[in-house]
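Chemist: Data: target-v7.cif, mmCIF, C-alpha atoms.
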data_my_file
#
loop_
_atom_site.group_PDB
_atom_site.id
_atom_site.type_symbol
_atom_site.label_atom_id
_atom_site.label_comp_id
_atom_site.auth_asym_id
_atom_site.auth_seq_id
_atom_site.Cartn_x
_atom_site.Cartn_y
_atom_site.Cartn_z
ATOM 1 C CA MET A 19 93.259 113.851 96.738
ATOM 2 C CA SER A 20 91.900 110.799 98.583
ATOM 3 C CA GLY A 21 88.435 112.269 98.072
ATOM 4 C CA THR A 22 88.878 111.977 94.309
ATOM 5 C CA LEU A 23 89.359 108.244 94.654
ATOM 6 C CA GLY A 24 85.738 107.442 95.465
ATOM 7 C CA LYS A 25 83.998 104.454 93.877
ATOM 8 C CA GLY A 26 82.229 103.833 90.601
ATOM 9 C CA HIS A 27 83.138 106.996 88.697
ATOM 10 C CA VAL A 28 85.036 107.525 85.461
ATOM 11 C CA GLY A 29 87.015 110.254 87.214
ATOM 12 C CA THR A 30 88.071 107.744 89.877
ATOM 13 C CA TRP A 31 89.646 105.506 87.275
ATOM 14 C CA ALA A 32 91.200 108.440 85.468
ATOM 15 C CA ALA A 33 92.775 109.660 88.741
ATOM 16 C CA LEU A 34 94.025 106.162 89.607
ATOM 17 C CA VAL A 35 95.566 105.628 86.158
ATOM 18 C CA HIS A 36 97.144 109.086 86.368
ATOM 19 C CA ARG A 37 98.651 108.301 89.753
ATOM 20 C CA VAL A 38 99.911 104.796 88.963
ATOM 21 C CA SER A 39 101.391 105.872 85.604
ATOM 22 C CA GLY A 40 103.126 108.757 87.383
ATOM 23 C CA ILE A 41 104.654 106.384 89.956
ATOM 24 C CA LEU A 42 105.890 104.057 87.181
ATOM 25 C CA LEU A 43 107.483 107.014 85.375
ATOM 26 C CA VAL A 44 109.277 108.201 88.541
ATOM 27 C CA LEU A 45 110.646 104.678 89.063
ATOM 28 C CA PHE A 46 111.732 104.438 85.406
ATOM 29 C CA LEU A 47 113.425 107.834 85.040
ATOM 30 C CA PRO A 48 116.611 107.337 87.125
ATOM 31 C CA GLY A 49 117.448 104.171 85.182
ATOM 32 C CA HIS A 50 116.642 105.904 81.892
ATOM 33 C CA PHE A 51 118.965 108.798 82.741
ATOM 34 C CA ILE A 52 121.778 106.536 83.955
ATOM 35 C CA ALA A 53 121.536 104.439 80.765
ATOM 36 C CA LEU A 54 121.696 107.524 78.534
ATOM 37 C CA GLY A 55 124.557 108.846 80.649
ATOM 38 C CA SER A 56 126.523 105.734 79.642
ATOM 39 C CA ALA A 57 127.008 107.513 76.305
ATOM 40 C CA LEU A 58 129.553 109.602 78.206
ATOM 41 C CA GLU A 59 131.750 106.500 78.311
ATOM 42 C CA GLY A 60 131.613 106.194 74.536
ATOM 43 C CA ALA A 61 129.430 104.712 71.816
ATOM 44 C CA ALA A 62 130.554 101.142 72.638
ATOM 45 C CA SER A 63 129.086 101.121 76.148
ATOM 46 C CA PHE A 64 125.947 102.829 74.820
ATOM 47 C CA ASP A 65 125.621 100.149 72.125
ATOM 48 C CA SER A 66 126.001 97.341 74.645
ATOM 49 C CA PHE A 67 123.127 98.885 76.610
ATOM 50 C CA LEU A 68 121.013 99.140 73.437
ATOM 51 C CA ALA A 69 121.740 95.453 72.719
ATOM 52 C CA TRP A 70 120.392 94.600 76.175
ATOM 53 C CA THR A 71 117.139 96.409 75.318
ATOM 54 C CA GLN A 72 116.490 94.032 72.398
ATOM 55 C CA GLN A 73 115.224 91.285 74.727
ATOM 56 C CA PRO A 74 111.464 90.640 74.391
ATOM 57 C CA LEU A 75 110.760 91.261 78.083
ATOM 58 C CA VAL A 76 112.635 94.591 77.994
ATOM 59 C CA LYS A 77 110.742 95.576 74.843
ATOM 60 C CA PHE A 78 107.471 94.739 76.574
ATOM 61 C CA MET A 79 108.481 96.907 79.546
ATOM 62 C CA GLU A 80 109.459 99.712 77.162
ATOM 63 C CA TRP A 81 106.024 99.487 75.614
ATOM 64 C CA GLY A 82 104.514 99.631 79.115
ATOM 65 C CA ILE A 83 106.473 102.758 79.993
ATOM 66 C CA VAL A 84 105.465 104.457 76.726
ATOM 67 C CA LEU A 85 101.843 103.572 77.466
ATOM 68 C CA SER A 86 102.319 105.050 80.976
ATOM 69 C CA LEU A 87 103.832 108.219 79.525
ATOM 70 C CA ALA A 88 101.018 108.628 77.004
ATOM 71 C CA ALA A 89 98.396 107.860 79.666
ATOM 72 C CA HIS A 90 99.973 110.348 82.089
ATOM 73 C CA LEU A 91 100.044 113.003 79.354
ATOM 74 C CA GLY A 92 96.398 112.355 78.472
ATOM 75 C CA GLY A 93 95.350 112.293 82.131
ATOM 76 C CA GLY A 94 97.344 115.447 82.834
ATOM 77 C CA LEU A 95 95.722 117.326 79.951
ATOM 78 C CA ARG A 96 92.376 116.211 81.364
ATOM 79 C CA VAL A 97 93.275 117.630 84.810
ATOM 80 C CA LEU A 98 94.433 120.937 83.280
ATOM 81 C CA ALA A 99 91.247 121.171 81.216
ATOM 82 C CA LEU A 100 89.033 120.441 84.245
ATOM 83 C CA GLU A 101 90.824 123.045 86.345
ATOM 84 C CA PHE A 102 91.285 125.818 83.816
ATOM 85 C CA LEU A 103 88.500 125.445 81.263
ATOM 86 C CA PRO A 104 84.842 126.120 82.032
ATOM 87 C CA TRP A 105 83.225 123.050 80.382
ATOM 88 C CA ARG A 106 83.216 120.621 83.297
ATOM 89 C CA ASP A 107 80.305 118.582 81.983
ATOM 90 C CA TRP A 108 82.658 117.174 79.336
ATOM 91 C CA HIS A 109 84.756 115.327 81.869
ATOM 92 C CA LYS A 110 83.738 111.818 80.805
ATOM 93 C CA SER A 111 84.566 112.652 77.201
ATOM 94 C CA LEU A 112 87.918 113.990 78.348
ATOM 95 C CA ALA A 113 88.724 110.744 80.180
ATOM 96 C CA ALA A 114 87.754 108.767 77.074
ATOM 97 C CA ALA A 115 89.871 111.014 74.854
ATOM 98 C CA ALA A 116 92.839 110.611 77.221
ATOM 99 C CA ALA A 117 92.477 106.822 77.148
ATOM 100 C CA ALA A 118 92.089 106.732 73.362
ATOM 101 C CA GLY A 119 95.107 108.990 72.866
ATOM 102 C CA ALA A 120 97.280 106.866 75.166
ATOM 103 C CA ILE A 121 96.289 103.635 73.429
ATOM 104 C CA ALA A 122 96.896 105.149 69.984
ATOM 105 C CA VAL A 123 100.382 106.373 70.932
ATOM 106 C CA SER A 124 101.377 103.086 72.549
ATOM 107 C CA LEU A 125 100.132 101.119 69.507
ATOM 108 C CA ALA A 126 102.161 103.354 67.198
ATOM 109 C CA PHE A 127 105.208 102.710 69.402
ATOM 110 C CA ALA A 128 104.557 98.946 69.426
ATOM 111 C CA LEU A 129 104.297 98.918 65.618
ATOM 112 C CA ALA A 130 107.573 100.820 65.322
ATOM 113 C CA LEU A 131 109.408 98.558 67.852
ATOM 114 C CA MET B 17 103.431 123.170 105.300
ATOM 115 C CA ASN B 18 101.578 126.473 105.254
ATOM 116 C CA ALA B 19 98.921 127.490 102.761
ATOM 117 C CA ARG B 20 101.233 129.785 100.813
ATOM 118 C CA ALA B 21 103.808 127.036 100.300
ATOM 119 C CA GLN B 22 101.036 124.654 99.218
ATOM 120 C CA THR B 23 99.916 127.259 96.683
ATOM 121 C CA TYR B 24 103.453 127.603 95.323
ATOM 122 C CA LEU B 25 103.657 123.838 94.911
ATOM 123 C CA TRP B 26 100.305 123.791 93.114
ATOM 124 C CA VAL B 27 101.372 126.564 90.737
ATOM 125 C CA ALA B 28 104.767 124.918 90.109
ATOM 126 C CA GLN B 29 103.016 121.609 89.419
ATOM 127 C CA ARG B 30 100.596 123.142 86.878
ATOM 128 C CA ALA B 31 103.261 125.299 85.219
ATOM 129 C CA SER B 32 105.646 122.352 84.869
ATOM 130 C CA ALA B 33 102.730 120.232 83.599
ATOM 131 C CA ALA B 34 102.054 122.738 80.830
ATOM 132 C CA VAL B 35 105.722 122.664 79.769
ATOM 133 C CA LEU B 36 105.798 118.871 80.001
ATOM 134 C CA ALA B 37 102.644 118.472 77.893
ATOM 135 C CA LEU B 38 104.546 119.973 74.971
ATOM 136 C CA CYS B 39 107.828 118.194 75.778
ATOM 137 C CA VAL B 40 106.194 114.763 76.145
ATOM 138 C CA ALA B 41 104.231 115.138 72.908
ATOM 139 C CA VAL B 42 107.434 116.014 71.032
ATOM 140 C CA HIS B 43 109.364 113.245 72.839
ATOM 141 C CA LEU B 44 106.761 110.570 71.996
ATOM 142 C CA ALA B 45 106.652 111.612 68.349
ATOM 143 C CA THR B 46 110.462 111.717 68.097
ATOM 144 C CA MET B 47 110.776 108.316 69.754
ATOM 145 C CA ILE B 48 108.262 106.607 67.492
ATOM 146 C CA TYR B 49 110.018 108.140 64.478
ATOM 147 C CA ALA B 50 113.524 107.334 65.753
ATOM 148 C CA ILE B 51 113.051 103.675 66.691
ATOM 149 C CA ARG B 52 111.848 102.605 63.233
ATOM 150 C CA GLY B 53 114.432 100.171 61.893
ATOM 151 C CA GLY B 54 116.111 99.805 65.293
ATOM 152 C CA LEU B 55 118.345 102.041 67.360
ATOM 153 C CA SER B 56 122.112 102.337 67.377
ATOM 154 C CA ALA B 57 124.383 104.530 69.448
ATOM 155 C CA GLY B 58 125.846 106.012 66.262
ATOM 156 C CA GLU B 59 122.422 106.914 64.916
ATOM 157 C CA ILE B 60 121.305 108.553 68.185
ATOM 158 C CA LEU B 61 124.574 110.427 68.705
ATOM 159 C CA ALA B 62 124.597 111.642 65.082
ATOM 160 C CA ARG B 63 121.282 113.316 65.785
ATOM 161 C CA THR B 64 122.154 114.741 69.198
ATOM 162 C CA ARG B 65 125.882 115.614 69.290
ATOM 163 C CA GLY B 66 126.492 119.330 68.970
ATOM 164 C CA ASN B 67 122.781 119.980 68.376
ATOM 165 C CA GLY B 68 122.059 123.152 70.384
ATOM 166 C CA ALA B 69 118.290 123.113 69.826
ATOM 167 C CA TRP B 70 118.185 119.516 71.022
ATOM 168 C CA LEU B 71 120.286 120.408 74.097
ATOM 169 C CA ALA B 72 118.006 123.326 74.987
ATOM 170 C CA PHE B 73 114.809 121.318 74.496
ATOM 171 C CA TYR B 74 115.917 118.335 76.601
ATOM 172 C CA SER B 75 117.442 120.532 79.331
ATOM 173 C CA VAL B 76 114.064 122.251 79.750
ATOM 174 C CA PHE B 77 112.371 118.821 79.663
ATOM 175 C CA VAL B 78 114.642 117.441 82.428
ATOM 176 C CA LEU B 79 114.233 120.512 84.658
ATOM 177 C CA ALA B 80 110.444 120.474 84.256
ATOM 178 C CA VAL B 81 110.397 116.764 85.194
ATOM 179 C CA SER B 82 112.578 117.478 88.241
ATOM 180 C CA VAL B 83 109.986 119.977 89.465
ATOM 181 C CA HIS B 84 106.925 117.974 88.462
ATOM 182 C CA ALA B 85 107.701 114.428 89.651
ATOM 183 C CA PRO B 86 108.538 115.153 93.323
ATOM 184 C CA ILE B 87 105.493 117.436 93.750
ATOM 185 C CA GLY B 88 103.296 114.767 92.178
ATOM 186 C CA LEU B 89 104.761 112.061 94.409
ATOM 187 C CA ARG B 90 104.145 114.121 97.563
ATOM 188 C CA PRO B 91 100.426 113.294 98.051
ATOM 189 C CA VAL B 92 101.043 109.687 96.969
ATOM 190 C CA LEU B 93 103.573 109.231 99.796
ATOM 191 C CA GLY B 94 101.178 110.915 102.227
ATOM 192 C CA GLU B 95 98.040 108.999 101.269
ATOM 193 C CA TRP B 96 99.378 105.564 100.360
ATOM 194 C CA LEU B 97 102.430 105.262 102.636
ATOM 195 C CA ARG B 98 101.305 107.673 105.393
ATOM 196 C CA TRP B 99 104.650 109.461 105.019
ATOM 197 C CA ARG B 100 104.314 113.148 105.937
ATOM 198 C CA GLY B 101 106.384 115.809 107.642
ATOM 199 C CA THR B 102 109.852 117.177 107.079
ATOM 200 C CA SER B 103 111.485 113.828 106.248
ATOM 201 C CA ARG B 104 109.125 113.403 103.290
ATOM 202 C CA ASP B 105 109.906 116.878 101.963
ATOM 203 C CA LEU B 106 113.652 116.341 102.365
ATOM 204 C CA PHE B 107 113.356 113.066 100.477
ATOM 205 C CA LEU B 108 111.407 114.814 97.694
ATOM 206 C CA LEU B 109 113.987 117.600 97.529
ATOM 207 C CA ALA B 110 116.723 114.969 97.204
ATOM 208 C CA LEU B 111 114.667 113.269 94.460
ATOM 209 C CA ALA B 112 114.336 116.586 92.602
ATOM 210 C CA LEU B 113 118.096 117.161 92.767
ATOM 211 C CA ALA B 114 118.854 113.576 91.740
ATOM 212 C CA LEU B 115 116.509 113.765 88.741
ATOM 213 C CA ALA B 116 117.974 117.103 87.665
ATOM 214 C CA GLY B 117 121.563 115.897 88.133
ATOM 215 C CA LEU B 118 121.148 112.507 86.430
ATOM 216 C CA GLY B 119 118.940 113.991 83.717
ATOM 217 C CA LEU B 120 121.301 116.817 82.802
ATOM 218 C CA ARG B 121 124.216 114.364 82.870
ATOM 219 C CA ALA B 122 122.308 112.169 80.403
ATOM 220 C CA VAL B 123 121.522 115.162 78.171
ATOM 221 C CA LEU B 124 125.180 116.220 78.196
ATOM 222 C CA GLY B 125 126.211 112.596 77.647
ATOM 223 C CA VAL B 126 124.556 112.472 74.250
ATOM 224 C CA PHE B 127 125.282 116.125 73.352
ATOM 225 C CA LEU B 128 129.053 116.245 73.963
#
Represent the structure from my file as structure tokens, please.
Modeler:
Amino acid sequence: MSGTLGKGHVGTWAALVHRVSGILLVLFLPGHFIALGSALEGAASFDSFLAWTQQPLVKFMEWGIVLSLAAHLGGGLRVLALEFLPWRDWHKSLAAAAAAGAIAVSLAFALAL
Amino acid sequence: MNARAQTYLWVAQRASAAVLALCVAVHLATMIYAIRGGLSAGEILARTRGNGAWLAFYSVFVLAVSVHAPIGLRPVLGEWLRWRGTSRDLFLLALALALAGLGLRAVLGVFL
């Protein structure tokens, strides 16, 4: 993998974004699961958690994690396409499509927040 | 780790990625739809409690994540933290079990 992180290439940036977004998602998931698990203790404790999420900084972080998820999805589809589909010369277009898709999803989420 | 085990990890990573591509797309769309007008526990639980299709979908989602995330983290730990060997793989196995356990608990938490 370190070989894919050479310099000055669209693929380099795509690989770096894919990796960093993946790390952020791994760090986020345990907290996400524990928070949802609080529903086991009843709607009241779940609601108090949801109230906590209304803070601007938490909303900003939520937006960041949705952007990471969308970026990781886009980057992952790019990797699958590069590995399993024959049209390798499209790779720059794939990276652009992944970026555009991630931005579109995160904007839709931000508008709905 | 021998070449066969590496191949298994590669296949598991790609197979889980294919499942997750669908799950994440559905999850993102559901989330953007669900958060309009704010979230409440009652609103979420009304949608999820006793919903078998929802339970099945999110159980598959959690299990696919539990396979995918530790395998993806493996080269990151090796290349960026120089952490290799058995201790790394034991840590990743523990991470897989923790994600599966916490994730399924969360799924059950909003289903029951």
Chemist: What separation in Å, quoted to one decimal, exists between atom CA of A:Leu112 and atom CA of A:Ile41?
Modeler: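 Interatomic distance, atom CA of A:Leu112 to atom CA of A:Ile41: 21.7 Å.
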Chemist: Counting all atoms listed in the file, collect the residues of chain B whose closest atom lies at most 8 Å from chain A, and write them out as a ChimeraX atom specification.
Modeler: /B:30,33,37,40-41,44,47-49,51-58,85,88-89,91-92,95,115,118-119,121-126,128
Chemist: As an exercise, work out the distance from atom CA of B:Ala19 to atom CA of B:Leu79 in Å and give it to one decimal place.
Modeler: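 For atom CA of B:Ala19 relative to atom CA of B:Leu79, the distance reads 24.7 Å.
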Chemist: When you draw a straight line from atom CA of B:Val81 to atom CA of A:His27, how long is it in Å?
Modeler: 29.2 Å
Chemist: What's the 10 Å shell around B:Val83, counting all atoms listed in the file, without same-chain residues fewer than 2 positions away, as a VMD selection string?
Modeler: chain B and resid 25 28 to 29 31 to 33 78 to 81 85 to 88 108 to 109 111 to 113 115 to 116
Chemist: Go ahead and find all residues with at least one atom no further than 6 Å from (104.0, 101.9, 84.2) in the file's coordinates, using all atoms listed in the file; report them as a list in words.
Modeler: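 The residues near that point, listed by chain and number, are Ser39, Leu42, Gly82, Ile83 and Ser86 of chain A.
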Chemist: Take the residues from that selection and write them out as a CSV table (one decimal), keeping the file's coordinate frame, keeping C-alpha atoms.
Modeler:
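Result file is out.csv:
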chain,number,residue,atom,x,y,z
A,39,SER,CA,101.4,105.9,85.6
A,42,LEU,CA,105.9,104.1,87.2
A,82,GLY,CA,104.5,99.6,79.1
A,83,ILE,CA,106.5,102.8,80.0
A,86,SER,CA,102.3,105.0,81.0
Chemist: Running the PyMOL selection byres ((chain A and resi 113) around 10) on this model by hand, what would come out? Give it as a ChimeraX atom specification.
Modeler: /A:28-29,31-33,92-93,95-97,108-112,114-119
Chemist: Expanded to explicit residues, what is the PyMOL selection byres ((chain B and resi 65) around 8) for this file, as a ChimeraX atom specification?
Modeler: /B:61-64,66-67,126-128
Chemist: Pull C-alpha atoms from the residues just selected and write them as an mmCIF file, in the coordinates of the input.
Modeler:
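Dumped everything to again33.cif:
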data_model
loop_
_atom_site.group_PDB
_atom_site.id
_atom_site.type_symbol
_atom_site.label_atom_id
_atom_site.label_comp_id
_atom_site.auth_asym_id
_atom_site.auth_seq_id
_atom_site.Cartn_x
_atom_site.Cartn_y
_atom_site.Cartn_z
ATOM 1 C CA LEU B 61 124.574 110.427 68.705
ATOM 2 C CA ALA B 62 124.597 111.642 65.082
ATOM 3 C CA ARG B 63 121.282 113.316 65.785
ATOM 4 C CA THR B 64 122.154 114.741 69.198
ATOM 5 C CA GLY B 66 126.492 119.330 68.970
ATOM 6 C CA ASN B 67 122.781 119.980 68.376
ATOM 7 C CA VAL B 126 124.556 112.472 74.250
ATOM 8 C CA PHE B 127 125.282 116.125 73.352
ATOM 9 C CA LEU B 128 129.053 116.245 73.963
#
